[in-house]
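J.: Below is upload.txt; it holds compact mmCIF, C-alpha atoms.
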# COMPACT_ATOMS: atom_id res chain seq x y z
CA MET A 1 -22.96 0.41 -6.69
CA LYS A 2 -24.30 2.24 -3.67
CA ILE A 3 -21.38 2.18 -1.25
CA LEU A 4 -20.87 3.21 2.35
CA VAL A 5 -17.30 4.37 2.99
CA THR A 6 -16.45 5.00 6.64
CA GLY A 7 -13.54 7.21 7.62
CA THR A 8 -13.96 9.61 4.67
CA ALA A 9 -12.47 12.54 6.60
CA GLY A 10 -9.41 10.34 7.01
CA PHE A 11 -6.39 9.79 4.81
CA VAL A 12 -7.23 6.62 2.86
CA GLY A 13 -10.97 7.28 2.91
CA PHE A 14 -10.47 10.67 1.25
CA HIS A 15 -8.51 9.11 -1.62
CA LEU A 16 -10.94 6.21 -1.99
CA VAL A 17 -13.87 8.62 -2.40
CA ASN A 18 -11.91 10.35 -5.19
CA ASN A 19 -11.42 7.06 -6.99
CA LEU A 20 -14.95 5.70 -6.60
CA LEU A 21 -16.63 8.95 -7.66
CA LYS A 22 -14.62 8.94 -10.89
CA ASP A 23 -16.11 5.50 -11.61
CA GLY A 24 -19.66 6.78 -11.11
CA HIS A 25 -20.58 5.03 -7.86
CA GLU A 26 -23.03 6.51 -5.38
CA ILE A 27 -21.18 7.14 -2.12
CA VAL A 28 -22.25 7.85 1.42
CA GLY A 29 -19.28 8.92 3.53
CA LEU A 30 -19.16 8.63 7.31
CA ASP A 31 -16.73 9.95 9.90
CA ASN A 32 -16.88 11.10 13.51
CA ILE A 33 -14.17 13.76 12.87
CA ASN A 34 -12.48 13.09 16.21
CA ASP A 35 -9.54 15.15 17.43
CA TYR A 36 -6.89 12.40 17.43
CA TYR A 37 -5.06 14.75 15.09
CA ASP A 38 -5.69 18.23 13.64
CA THR A 39 -9.36 18.38 12.61
CA SER A 40 -8.67 21.27 10.21
CA LEU A 41 -6.98 18.76 7.88
CA LYS A 42 -10.02 16.47 8.16
CA TYR A 43 -12.37 19.33 7.32
CA GLY A 44 -10.03 20.27 4.47
CA ARG A 45 -10.40 16.80 2.98
CA LEU A 46 -14.18 17.00 3.27
CA GLN A 47 -14.26 20.48 1.73
CA TYR A 48 -12.23 19.20 -1.23
CA HIS A 49 -15.22 16.95 -1.98
CA GLY A 50 -17.77 19.70 -1.55
CA ILE A 51 -18.76 19.05 2.07
CA GLU A 52 -18.69 22.44 3.80
CA GLU A 53 -17.71 22.53 7.48
CA GLN A 54 -20.57 24.84 8.46
CA ALA A 55 -23.12 22.38 7.02
CA ILE A 56 -21.89 19.45 9.12
CA GLN A 57 -24.04 18.48 12.11
CA TYR A 58 -24.01 15.20 13.98
CA GLY A 59 -26.47 12.74 12.43
CA VAL A 60 -27.43 15.00 9.51
CA GLU A 61 -26.64 13.76 6.01
CA VAL A 62 -25.13 16.51 3.83
CA THR A 63 -25.02 16.37 0.03
CA SER A 64 -21.81 17.49 -1.69
CA THR A 65 -21.86 20.79 -3.57
CA LYS A 66 -19.49 19.26 -6.14
CA HIS A 67 -20.76 15.69 -6.61
CA LYS A 68 -24.48 14.88 -6.57
CA GLU A 69 -23.52 11.22 -6.08
CA TYR A 70 -21.76 11.93 -2.79
CA SER A 71 -23.20 12.67 0.64
CA PHE A 72 -21.59 12.75 4.06
CA ILE A 73 -22.83 12.12 7.57
CA LYS A 74 -21.03 12.80 10.83
CA LEU A 75 -21.57 9.71 12.97
CA ASP A 76 -19.68 7.60 15.48
CA LEU A 77 -19.53 3.89 14.71
CA THR A 78 -20.40 3.15 18.33
CA ASP A 79 -23.81 4.84 17.88
CA LYS A 80 -25.69 1.62 17.13
CA GLU A 81 -29.13 3.14 16.60
CA ALA A 82 -27.81 5.72 14.14
CA ILE A 83 -25.75 3.13 12.24
CA ASP A 84 -28.75 0.78 12.04
CA ALA A 85 -30.92 3.62 10.72
CA LEU A 86 -28.32 4.56 8.10
CA PHE A 87 -28.16 1.00 6.76
CA LYS A 88 -31.95 0.74 6.74
CA LYS A 89 -32.29 4.03 4.83
CA HIS A 90 -29.71 3.32 2.13
CA GLN A 91 -29.65 -0.49 1.75
CA PHE A 92 -25.97 -0.39 0.81
CA GLU A 93 -24.66 -2.88 -1.75
CA GLY A 94 -21.02 -2.41 -0.75
CA VAL A 95 -19.33 -1.28 2.45
CA VAL A 96 -15.71 -0.19 2.91
CA ASN A 97 -14.85 0.24 6.58
CA LEU A 98 -11.80 2.47 6.98
CA ALA A 99 -12.93 4.23 10.16
CA ALA A 100 -10.87 3.18 13.16
CA GLN A 101 -8.77 4.49 15.96
CA ALA A 102 -5.40 4.45 14.27
CA GLY A 103 -1.85 4.69 15.59
CA VAL A 104 0.38 1.98 17.03
CA ARG A 105 1.97 4.09 19.78
CA TYR A 106 -1.23 5.87 20.85
CA SER A 107 -2.70 2.48 21.78
CA LEU A 108 -0.21 2.37 24.66
CA VAL A 109 -1.67 5.64 25.98
CA ASN A 110 -5.41 5.37 25.35
CA PRO A 111 -6.33 1.69 24.92
CA HIS A 112 -10.08 2.15 25.47
CA ALA A 113 -10.35 4.30 22.35
CA TYR A 114 -9.32 1.23 20.35
CA THR A 115 -11.81 -1.22 21.82
CA GLN A 116 -14.64 1.28 21.42
CA SER A 117 -13.98 2.24 17.81
CA ASN A 118 -12.27 -0.84 16.41
CA VAL A 119 -14.27 -3.55 18.17
CA THR A 120 -17.66 -2.17 19.23
CA GLY A 121 -17.83 0.11 16.19
CA PHE A 122 -16.90 -2.71 13.82
CA LEU A 123 -19.55 -4.95 15.37
CA ASN A 124 -22.16 -2.32 14.49
CA ILE A 125 -20.91 -2.32 10.89
CA LEU A 126 -21.20 -6.11 10.76
CA GLU A 127 -24.75 -5.94 12.09
CA GLY A 128 -25.64 -3.36 9.45
CA CYS A 129 -24.19 -5.57 6.71
CA ARG A 130 -26.14 -8.51 8.05
CA ALA A 131 -29.40 -6.55 8.08
CA VAL A 132 -29.20 -5.45 4.42
CA HIS A 133 -27.49 -8.61 3.06
CA VAL A 134 -24.61 -6.53 1.72
CA LYS A 135 -22.94 -7.83 -1.44
CA HIS A 136 -19.42 -7.25 -0.09
CA LEU A 137 -17.84 -5.86 3.07
CA VAL A 138 -14.24 -4.71 2.68
CA TYR A 139 -12.43 -3.49 5.77
CA ALA A 140 -9.01 -2.16 6.66
CA SER A 141 -6.77 -4.40 8.71
CA THR A 142 -3.05 -3.72 9.11
CA SER A 143 0.39 -5.21 8.64
CA SER A 144 0.76 -4.72 12.41
CA VAL A 145 -1.18 -7.95 12.97
CA TYR A 146 1.94 -9.88 11.92
CA GLY A 147 3.48 -8.86 15.23
CA LEU A 148 6.33 -11.10 16.29
CA ASN A 149 6.28 -12.98 12.97
CA THR A 150 9.60 -12.36 11.21
CA HIS A 151 9.22 -14.85 8.34
CA MET A 152 9.60 -12.59 5.28
CA PRO A 153 7.83 -11.81 3.10
CA LEU A 154 4.80 -11.61 5.37
CA THR A 155 1.93 -13.69 4.01
CA PRO A 156 -1.72 -13.88 5.14
CA HIS A 157 -1.53 -17.65 4.70
CA GLU A 158 0.48 -17.97 7.92
CA SER A 159 -0.72 -17.58 11.50
CA THR A 160 -0.81 -14.14 13.15
CA GLU A 161 -1.31 -15.03 16.79
CA HIS A 162 1.26 -12.73 18.37
CA PRO A 163 0.30 -9.04 17.96
CA MET A 164 2.61 -6.61 19.74
CA THR A 165 0.09 -3.82 20.49
CA LEU A 166 -3.57 -3.49 21.36
CA TYR A 167 -4.08 -1.66 18.06
CA ALA A 168 -2.91 -4.78 16.21
CA ALA A 169 -4.99 -7.01 18.47
CA THR A 170 -8.16 -5.04 17.68
CA LYS A 171 -7.49 -5.34 13.96
CA LYS A 172 -6.92 -9.07 14.34
CA ALA A 173 -10.24 -9.16 16.21
CA ASN A 174 -11.88 -7.50 13.18
CA GLU A 175 -10.66 -10.33 10.97
CA LEU A 176 -12.03 -12.96 13.35
CA MET A 177 -15.34 -11.14 13.79
CA ALA A 178 -15.77 -10.77 10.03
CA HIS A 179 -15.15 -14.47 9.52
CA SER A 180 -17.81 -15.42 12.05
CA TYR A 181 -20.38 -13.19 10.33
CA SER A 182 -19.45 -14.41 6.84
CA HIS A 183 -19.75 -17.99 8.09
CA LEU A 184 -23.04 -17.52 9.94
CA PHE A 185 -24.85 -15.11 7.63
CA GLY A 186 -23.26 -15.72 4.24
CA PHE A 187 -22.25 -12.20 3.19
CA PRO A 188 -18.76 -11.85 1.66
CA SER A 189 -16.06 -10.06 3.62
CA THR A 190 -12.45 -9.25 2.75
CA GLY A 191 -9.88 -7.88 5.20
CA LEU A 192 -7.06 -5.81 3.77
CA ARG A 193 -3.72 -5.66 5.52
CA PHE A 194 -2.26 -2.27 4.60
CA PHE A 195 1.50 -1.74 4.71
CA THR A 196 2.76 1.72 5.85
CA VAL A 197 0.60 4.01 3.73
CA TYR A 198 1.95 7.45 2.80
CA GLY A 199 1.20 10.24 0.34
CA PRO A 200 -0.63 13.58 -0.12
CA TRP A 201 -3.27 14.49 2.48
CA GLY A 202 -1.55 12.06 4.88
CA ARG A 203 -1.86 11.80 8.64
CA PRO A 204 0.15 14.37 10.63
CA ASP A 205 1.09 11.74 13.24
CA MET A 206 2.96 9.61 10.70
CA ALA A 207 6.67 9.75 9.94
CA LEU A 208 6.62 11.45 6.55
CA PHE A 209 4.47 14.33 7.80
CA LEU A 210 6.48 14.72 11.02
CA PHE A 211 9.80 14.55 9.18
CA THR A 212 8.79 17.09 6.54
CA LYS A 213 7.55 19.61 9.08
CA ALA A 214 10.65 19.25 11.27
CA ILE A 215 13.14 19.47 8.39
CA LEU A 216 11.50 22.62 7.01
CA GLU A 217 11.59 24.18 10.49
CA GLY A 218 15.21 23.20 11.04
CA LYS A 219 14.31 20.92 13.94
CA PRO A 220 15.68 17.41 14.56
CA ILE A 221 13.71 14.35 13.45
CA GLN A 222 13.40 11.32 15.71
CA VAL A 223 14.79 8.24 13.96
CA PHE A 224 13.91 5.12 15.90
CA ASN A 225 15.89 1.88 16.03
CA HIS A 226 18.89 4.04 15.03
CA GLY A 227 17.57 4.12 11.47
CA GLU A 228 17.66 0.34 11.04
CA MET A 229 13.91 0.06 10.46
CA ILE A 230 12.82 -1.53 7.19
CA ARG A 231 9.34 -0.70 5.92
CA ASP A 232 7.19 -1.68 2.96
CA PHE A 233 6.13 1.91 2.25
CA THR A 234 3.03 1.91 0.04
CA TYR A 235 1.75 4.95 -1.84
CA VAL A 236 -1.84 5.82 -0.99
CA GLU A 237 -3.19 5.72 -4.54
CA ASP A 238 -1.72 2.22 -4.93
CA ILE A 239 -3.59 1.22 -1.78
CA VAL A 240 -6.86 2.71 -3.04
CA GLU A 241 -6.65 1.03 -6.45
CA GLY A 242 -6.23 -2.29 -4.65
CA VAL A 243 -9.20 -1.58 -2.37
CA LYS A 244 -11.42 -0.75 -5.34
CA ARG A 245 -10.49 -3.84 -7.33
CA ILE A 246 -11.07 -6.09 -4.34
CA LEU A 247 -14.41 -4.43 -3.52
CA MET A 248 -15.66 -5.23 -7.03
CA GLN A 249 -14.73 -8.90 -6.65
CA PRO A 250 -16.56 -10.28 -3.59
CA ALA A 251 -14.87 -13.00 -1.57
CA GLU A 252 -15.96 -16.55 -2.34
CA PRO A 253 -15.74 -19.77 -0.33
CA LEU A 254 -12.71 -21.93 -1.06
CA ALA A 255 -14.14 -25.27 -2.15
CA ASN A 256 -11.07 -27.34 -1.26
CA TRP A 257 -10.31 -25.58 2.04
CA ASP A 258 -8.69 -28.14 4.34
CA SER A 259 -9.95 -28.04 7.93
CA GLN A 260 -7.12 -30.37 8.96
CA HIS A 261 -4.57 -27.82 7.70
CA PRO A 262 -6.50 -24.55 7.79
CA ASP A 263 -5.40 -21.62 5.66
CA PRO A 264 -5.89 -18.45 7.79
CA ALA A 265 -6.51 -16.29 4.71
CA ARG A 266 -9.40 -18.35 3.28
CA SER A 267 -12.37 -20.37 4.47
CA THR A 268 -15.43 -22.43 3.55
CA ALA A 269 -17.18 -19.10 4.17
CA PRO A 270 -17.03 -16.22 1.63
CA TYR A 271 -14.06 -14.71 3.45
CA ARG A 272 -10.56 -13.52 2.53
CA ILE A 273 -7.53 -11.75 3.93
CA VAL A 274 -5.32 -9.92 1.40
CA ASN A 275 -2.08 -7.94 1.73
CA ILE A 276 -1.80 -4.59 -0.03
CA GLY A 277 1.80 -3.43 0.00
CA ASN A 278 4.48 -2.25 -2.37
CA SER A 279 6.47 -5.48 -1.78
CA ASN A 280 9.70 -3.52 -2.21
CA PRO A 281 10.77 -2.62 1.34
CA VAL A 282 13.41 0.03 1.99
CA LYS A 283 15.43 1.15 4.96
CA LEU A 284 14.10 4.10 6.91
CA MET A 285 17.32 5.98 6.13
CA THR A 286 16.68 5.52 2.39
CA TYR A 287 13.20 6.95 2.91
CA ILE A 288 14.66 9.94 4.75
CA GLU A 289 17.27 10.49 2.04
CA ALA A 290 14.52 10.60 -0.61
CA LEU A 291 12.70 13.20 1.48
CA GLU A 292 15.87 15.29 1.93
CA LYS A 293 16.37 15.25 -1.84
CA SER A 294 12.78 16.37 -2.50
CA LEU A 295 13.02 19.16 0.07
CA GLY A 296 16.54 20.18 -0.90
CA LYS A 297 17.47 20.22 2.76
CA GLU A 298 19.30 17.80 5.04
CA ALA A 299 17.62 16.49 8.18
CA ILE A 300 19.05 16.82 11.67
CA LYS A 301 18.74 13.25 12.92
CA GLU A 302 18.21 12.20 16.52
CA LEU A 303 18.93 8.47 16.62
CA LEU A 304 16.83 6.64 19.22
CA PRO A 305 16.15 3.02 20.32
CA ILE A 306 13.21 1.12 18.90
CA GLN A 307 9.84 2.08 20.41
CA PRO A 308 7.64 -0.41 22.31
CA GLY A 309 5.26 -2.07 19.86
CA ASP A 310 7.30 -1.26 16.75
CA VAL A 311 8.39 -4.11 14.50
CA PRO A 312 11.89 -3.90 12.97
CA ALA A 313 10.80 -4.82 9.43
CA THR A 314 7.81 -5.36 7.14
CA ASN A 315 7.67 -6.88 3.66
CA ALA A 316 4.37 -7.75 1.99
CA ASP A 317 3.78 -10.92 0.02
CA VAL A 318 1.29 -9.69 -2.60
CA THR A 319 1.03 -12.92 -4.59
CA ASP A 320 -2.75 -13.10 -4.08
CA LEU A 321 -3.23 -9.48 -5.12
CA VAL A 322 -1.36 -10.12 -8.37
CA GLN A 323 -2.85 -13.52 -9.19
CA ASP A 324 -6.48 -12.99 -8.15
CA TYR A 325 -6.98 -9.26 -8.75
CA ASN A 326 -4.41 -8.62 -11.50
CA TYR A 327 -2.86 -5.77 -9.59
CA LYS A 328 0.50 -4.86 -8.08
CA PRO A 329 1.38 -1.53 -6.41
CA ALA A 330 4.18 0.13 -8.33
CA VAL A 331 4.84 3.72 -7.16
CA SER A 332 8.43 4.04 -5.94
CA VAL A 333 9.37 5.73 -2.67
CA GLU A 334 11.15 8.51 -4.57
CA GLU A 335 8.10 9.25 -6.75
CA GLY A 336 5.62 8.99 -3.89
CA ILE A 337 7.61 11.25 -1.57
CA GLN A 338 7.97 13.88 -4.30
CA LYS A 339 4.17 13.88 -4.75
CA PHE A 340 3.71 14.29 -1.01
CA VAL A 341 6.20 17.17 -0.83
CA ASP A 342 4.52 18.92 -3.78
CA TRP A 343 1.15 18.64 -2.00
CA TYR A 344 2.57 19.72 1.37
CA MET A 345 4.22 22.82 -0.07
CA GLN A 346 1.03 23.85 -1.83
CA TYR A 347 -1.36 23.05 1.03
CA TYR A 348 0.69 24.75 3.73
CA LYS A 349 2.15 27.40 1.37
CA SER A 350 5.62 26.56 2.66
Written as structure tokens, that's how I'd like the structure from this file.

T.:
Amino acid sequence: MKILVTGTAGFVGFHLVNNLLKDGHEIVGLDNINDYYDTSLKYGRLQYHGIEEQAIQYGVEVTSTKHKEYSFIKLDLTDKEAIDALFKKHQFEGVVNLAAQAGVRYSLVNPHAYTQSNVTGFLNILEGCRAVHVKHLVYASTSSVYGLNTHMPLTPHESTEHPMTLYAATKKANELMAHSYSHLFGFPSTGLRFFTVYGPWGRPDMALFLFTKAILEGKPIQVFNHGEMIRDFTYVEDIVEGVKRILMQPAEPLANWDSQHPDPARSTAPYRIVNIGNSNPVKLMTYIEALEKSLGKEAIKELLPIQPGDVPATNADVTDLVQDYNYKPAVSVEEGIQKFVDWYMQYYKS
């Protein structure tokens, strides 16, 4: 397939490109390389795939020096004319939208960044998919959309009407927008609710990265909700394998969908919502203990109250992923953290 992957200078996008190139797909990567976090890590990810920093210019498509099937273009999703032109040029068969303004807590500080990237930007992606009659649009949603819902395990077949942050609200908006386009214009779309992704090349604003850096420097780590958080930590390569399998199996209408008792995860349109999570949640303290073991060093812990917008627990129901895509994430927290630490030590020469 000829596939557009947005957010390829980002964490999940980087790993997805790895996976898809191994399968022989033709990939166009897109990212605006914003400075939400250290851009040197973003350029490092791109360089790993043969996209040299000095060759990158806004709006100019650059071919990889390592993979003739891979090219990259620096673009902002809100640049409608440029996005339209890109779709017209390439006539993509598949689209994976991972580009977004991420971060739960940052949405309390800079809300407009979320509406611009996650709503306006996503609308431009939908319009591009509509124009080329894309075979399948897959896009990243988040477990944060479950919000105040505490019925565990969290299932996409229940309502998610109570998001706790604007970040979650914009991702919920993506799901609703995608449904309207799938209904009106008939192209398949699948929203993927990711659960706490971690692993090598991860985001520096996330807990594992912050904890590792602080522990190695002998500084305290901030442990919110006094360590009572429970998270469905999911290793990045498990996430990516799920994304790939779902991309290759376009959403289909559900023939017996009941409008009197509507299932939020399905529709009479070619539309789906799917959880991708490890489905084996652990306490934050267990996560920290695994990191301490990998680093061979104990953390100095600063116990703090829960942050605004944080949910106390997540636990993914992955029944649909197992039954319909024959896949279940399986990497344990201990194994995944060790792989992250190995990468971190090598990348930063710690």

J.: Considering only C-alpha atoms, can you say which of A:Leu41, A:Leu20, A:Ile51, A:Leu4 comes closest to A:Tyr347?

T.: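 Closest residue, counting only C-alpha atoms: A:Leu41.
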
J.: Residues at most 8 Å from stretch 133-148 of chain A, counting only C-alpha atoms, excluding those fewer than 5 positions away in the same chain, as a ChimeraX atom specification?

T.: /A:91-98,154,160-164,168-169,171-172,174-175,187-196,243,246-247,250-251,275,311,314

J.: May I ask which of the residues A:Ala173, A:Leu86, A:Met152, A:Ile73 is the closest one to A:Thr115, counting all atoms listed in the file?

T.: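 With all atoms listed in the file as the atom set, the closest residue is A:Ala173.
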
J.: So how far away is atom CA of A:Asn124 from atom CA of A:Met206, in Å?

T.: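 Separation between atom CA of A:Met206 and atom CA of A:Asn124: 28.1 Å.
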
J.: As a list in words, please: the residues near A:Phe211 (cut-off 9 Å, only C-alpha atoms, same-chain neighbours under 6 positions excluded).

T.: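 Here the answer would be Pro220, Ile221, Gln222, Ile288, Leu291 and Ala299 of chain A.
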
J.: Looking at all atoms listed in the file, which of A:Tyr114, A:Phe122, A:Tyr235, A:Tyr271 is the one that sits closest to A:His179?

T.: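 Result for the nearest residue to A:His179: A:Tyr271.
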
J.: Find the residues around A:Gly199 up to 10 Å (all atoms listed in the file counted), leave out those fewer than 4 positions away in its own chain, and share them as a list in words.

T.: Phe11, Val12, His15, Arg203, Leu208, Phe209, Phe233, Thr234, Tyr235, Val236, Glu237, Val333, Glu335, Gly336, Ile337, Gln338, Lys339, Phe340, Val341, Trp343 and Tyr344 of chain A

J.: Taking only C-alpha atoms into account, name the residue in A:Ser107, A:Thr78, A:Ser71, A:Ser117 that is nearest to A:Ile3.

T.: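 When distances to A:Ile3 are compared using only C-alpha atoms, the smallest one comes from A:Ser71.
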
J.: Identify, on the basis of all atoms listed in the file, every residue whose closest approach to A:Ile230 does not exceed 7 Å; exclude the query and any residue fewer than 6 positions from it along the same chain; express the result as a list in words.

T.: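 Non-adjacent residues within range: Pro281, Val282, Lys283, Leu284, Pro312, Ala313 and Thr314 of chain A.
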
J.: In Å, how far is it from atom CA of A:Phe185 to atom CA of A:Ser259?

T.: 19.7 Å

J.: Looking at all atoms listed in the file, which of A:Ile215, A:Ala290, A:Val274, A:Val119 is the one that sits closest to A:Leu321?

T.: A:Val274

J.: Pick out the closest residue to A:Met345 from this set: A:Trp201, A:Tyr37, A:Phe72, A:Tyr167. Count all atoms listed in the file.

T.: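 Checking each of A:Trp201, A:Tyr37, A:Phe72, A:Tyr167 against A:Met345, counting all atoms listed in the file, the winner is A:Trp201.
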
J.: Which polymer residues, protein or nucleic acid, are no farther than 10 Å from (19.1, 7.5, 17.5), counting only C-alpha atoms, as a ChimeraX atom specification?

T.: /A:221-228,301-306

J.: Neighbours of stretch 34-36 of chain A within 12 Å (only C-alpha atoms; same-chain residues fewer than 5 positions away dropped), as a PyMOL selection string?

T.: chain A and resi 7+9-10+41-43+58+74-77+99-103+106-107+110+113-114+117+203-205

J.: Return the padded bounding box of stretch 164-174 of chain A as JSON: axis-aligned, built from all atoms listed in the file, 3 Å added on each side, with centre and edge lengths in Å to one decimal.

T.:
{"center_x": -4.6, "center_y": -5.4, "center_z": 17.3, "size_x": 20.5, "size_y": 13.5, "size_z": 14.2}

J.: Hey, can you check how far atom CA of A:Asn280 sits from atom CA of A:Val322?

T.: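 These atoms are spaced 14.3 Å apart.
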
J.: Neighbourhood query: residues within 10 Å of (-11.4, -1.1, -8.2), file coordinates, counting all atoms listed in the file; return as JSON, numbers by chain.

T.: {"A": [16, 19, 20, 23, 240, 241, 242, 243, 244, 245, 246, 247, 248, 249, 325, 327]}
